[in-house]
Amino acid sequence: MTNTEKVAYIRGLAEGLELDESKKEVKVINAILDLLDSMASSLAEVEESCADMADQLDSVDEDLADLEEEFYGYDHDHCHEDDEDEEETYYEVTCPTCHETICLSEATIADGEMECPNCGEKLEFDLDDCDCDDGCDCCH
C-alpha cells in the first residue's frame with residue numbers, strides 16, 4: 001500500500017466516525033489529513049524523480065564505460081586481467097588531486113606522465129625510484 005493510499009484509508013476512517021465538522025478538534029484532524037495527503041503526494045513525486053534519475057545515471061554509466069573502453073582500449077571492470085592470453089597488464093593509480101582511481105596500461109605508465117582524465121591534473125610516473133625493500137616487484 002502506498003503512502004497516498006494509506007492517507008486515503010485514514011481519511012475514510014475519520015469520515016466514517018461522522019464527527020461534527022464544526023468542532024475545533026475535527027478541524028485539526030482534517031488539517032492533519034490534508035497535510036498528510038500533500039506530503040504523501042510530494043513523497044511520491046520525489047520517489048518517481050529518484051527512480052528516473054537512477055535510470056538516467058545507469059544510462060550515463062553505461063555510456064561512460066563504452067567511452068572508457070573506446071578511449072583506453074580496455075574494459076574498466078577488468079582492470080587486473082587474470083587471463084594469461086592478455087598481452088598488456090593494467091595498474092590502478094589514484095590521482096592525488098581528485099582521489100579518483102584510474103586504470104593504466106604499462107605503456108601509459110612507461111611514458112612517464114599523463115593528465116588525469118577526471119580532473120586534468122598532470123600525473124608523473126617515475127619507474128626508477130622504488131622506496132620498497134630489495135626484491136620488490138611493484139611499479140610506482
# chains A, B, ... in the order shown; residues from 1 in each chain; ligands from 1
>>> residues_around(residues="A:Glu5", least_positions_apart="4", cutoff="10 Å", atoms="only C-alpha atoms", output="number ranges by chain")
A: 1, 9-11, 37, 40
>>> write_last_selection(atoms="all heavy atoms", output="PDB file, in the first residue's frame")
ATOM      1  N   MET A   1       0.850  -1.163   0.000  1.00  0.00           N
ATOM      2  CA  MET A   1       0.000   0.000   0.000  1.00  0.00           C
ATOM      3  C   MET A   1       0.904   1.237   0.000  1.00  0.00           C
ATOM      4  O   MET A   1       1.812   1.345   0.806  1.00  0.00           O
ATOM      5  CB  MET A   1      -0.908  -0.021   1.240  1.00  0.00           C
ATOM      6  CG  MET A   1      -1.902   1.109   1.266  1.00  0.00           C
ATOM      7  SD  MET A   1      -2.958   1.173   2.738  1.00  0.00           S
ATOM      8  CE  MET A   1      -3.884  -0.317   2.645  1.00  0.00           C
ATOM      9  N   TYR A   9      -6.995   5.870   3.204  1.00  0.00           N
ATOM     10  CA  TYR A   9      -7.619   4.926   4.134  1.00  0.00           C
ATOM     11  C   TYR A   9      -7.918   5.604   5.469  1.00  0.00           C
ATOM     12  O   TYR A   9      -9.016   5.476   6.025  1.00  0.00           O
ATOM     13  CB  TYR A   9      -6.706   3.707   4.327  1.00  0.00           C
ATOM     14  CG  TYR A   9      -7.204   2.721   5.348  1.00  0.00           C
ATOM     15  CD1 TYR A   9      -8.290   1.889   5.069  1.00  0.00           C
ATOM     16  CD2 TYR A   9      -6.600   2.623   6.597  1.00  0.00           C
ATOM     17  CE1 TYR A   9      -8.752   0.975   6.014  1.00  0.00           C
ATOM     18  CE2 TYR A   9      -7.052   1.718   7.545  1.00  0.00           C
ATOM     19  CZ  TYR A   9      -8.132   0.897   7.252  1.00  0.00           C
ATOM     20  OH  TYR A   9      -8.592   0.009   8.183  1.00  0.00           O
ATOM     21  N   ILE A  10      -6.937   6.340   6.003  1.00  0.00           N
ATOM     22  CA  ILE A  10      -7.125   7.043   7.278  1.00  0.00           C
ATOM     23  C   ILE A  10      -8.216   8.103   7.144  1.00  0.00           C
ATOM     24  O   ILE A  10      -9.049   8.268   8.045  1.00  0.00           O
ATOM     25  CB  ILE A  10      -5.792   7.673   7.746  1.00  0.00           C
ATOM     26  CG1 ILE A  10      -4.787   6.576   8.089  1.00  0.00           C
ATOM     27  CG2 ILE A  10      -6.021   8.584   8.950  1.00  0.00           C
ATOM     28  CD1 ILE A  10      -3.372   7.085   8.335  1.00  0.00           C
ATOM     29  N   ARG A  11      -8.241   8.800   6.007  1.00  0.00           N
ATOM     30  CA  ARG A  11      -9.292   9.795   5.777  1.00  0.00           C
ATOM     31  C   ARG A  11     -10.663   9.108   5.785  1.00  0.00           C
ATOM     32  O   ARG A  11     -11.629   9.620   6.357  1.00  0.00           O
ATOM     33  CB  ARG A  11      -9.066  10.533   4.459  1.00  0.00           C
ATOM     34  CG  ARG A  11     -10.070  11.668   4.219  1.00  0.00           C
ATOM     35  CD  ARG A  11      -9.818  12.413   2.926  1.00  0.00           C
ATOM     36  NE  ARG A  11      -8.532  13.077   2.872  1.00  0.00           N
ATOM     37  CZ  ARG A  11      -8.273  14.267   3.409  1.00  0.00           C
ATOM     38  NH1 ARG A  11      -9.214  14.902   4.069  1.00  0.00           N
ATOM     39  NH2 ARG A  11      -7.084  14.807   3.288  1.00  0.00           N
ATOM     40  N   ASP A  37      -1.869  14.105   3.191  1.00  0.00           N
ATOM     41  CA  ASP A  37      -2.162  13.869   1.773  1.00  0.00           C
ATOM     42  C   ASP A  37      -1.164  14.625   0.890  1.00  0.00           C
ATOM     43  O   ASP A  37      -0.618  14.064  -0.072  1.00  0.00           O
ATOM     44  CB  ASP A  37      -3.597  14.299   1.465  1.00  0.00           C
ATOM     45  CG  ASP A  37      -4.074  13.821   0.112  1.00  0.00           C
ATOM     46  OD1 ASP A  37      -3.626  12.742  -0.324  1.00  0.00           O
ATOM     47  OD2 ASP A  37      -4.891  14.533  -0.504  1.00  0.00           O
ATOM     48  N   ALA A  40       2.280  12.972   1.231  1.00  0.00           N
ATOM     49  CA  ALA A  40       2.320  11.693   0.516  1.00  0.00           C
ATOM     50  C   ALA A  40       2.464  11.927  -0.983  1.00  0.00           C
ATOM     51  O   ALA A  40       3.218  11.217  -1.665  1.00  0.00           O
ATOM     52  CB  ALA A  40       1.074  10.874   0.828  1.00  0.00           C
TER      53      ALA A  40
END
>>> select_by_dssp(residues="stretch 8-108 of chain A", states="helix (DSSP H, G or I)", output="PyMOL selection string")
chain A and resi 8-16+24-72+76-78+106-108
>>> residues_around(residues="stretch 122-125 of chain A", least_positions_apart="5", cutoff="7 Å", atoms="only C-alpha atoms", output="PDB file with N, CA and C atoms, in the first residue's frame")
ATOM      1  N   ILE A 109      52.105   4.172 -18.290  1.00  0.00           N
ATOM      2  CA  ILE A 109      52.959   4.468 -17.144  1.00  0.00           C
ATOM      3  C   ILE A 109      54.405   4.666 -17.606  1.00  0.00           C
ATOM      4  N   GLY A 112      55.706   8.043 -18.618  1.00  0.00           N
ATOM      5  CA  GLY A 112      56.208   8.911 -17.572  1.00  0.00           C
ATOM      6  C   GLY A 112      55.234   9.965 -17.082  1.00  0.00           C
ATOM      7  N   GLU A 113      54.255  10.332 -17.895  1.00  0.00           N
ATOM      8  CA  GLU A 113      53.291  11.344 -17.456  1.00  0.00           C
ATOM      9  C   GLU A 113      52.022  11.286 -18.285  1.00  0.00           C
ATOM     10  N   MET A 114      50.970  11.843 -17.715  1.00  0.00           N
ATOM     11  CA  MET A 114      49.687  11.956 -18.414  1.00  0.00           C
ATOM     12  C   MET A 114      48.810  12.902 -17.614  1.00  0.00           C
ATOM     13  N   GLU A 115      47.702  13.335 -18.199  1.00  0.00           N
ATOM     14  CA  GLU A 115      46.721  14.132 -17.482  1.00  0.00           C
ATOM     15  C   GLU A 115      45.656  13.211 -16.918  1.00  0.00           C
ATOM     16  N   CYS A 116      45.244  13.481 -15.681  1.00  0.00           N
ATOM     17  CA  CYS A 116      44.160  12.712 -15.067  1.00  0.00           C
ATOM     18  C   CYS A 116      42.895  12.951 -15.896  1.00  0.00           C
ATOM     19  N   HIS A 140      55.699   1.887  -9.354  1.00  0.00           N
ATOM     20  CA  HIS A 140      55.153   3.168  -8.881  1.00  0.00           C
ATOM     21  C   HIS A 140      55.082   4.136 -10.031  1.00  0.00           C
TER      22      HIS A 140
END
>>> residues_around(residues="A:Glu92", least_positions_apart="2", cutoff="8 Å", atoms="only C-alpha atoms", output="NGL selection string")
:A and (79 or 90 or 94 or 101-104)
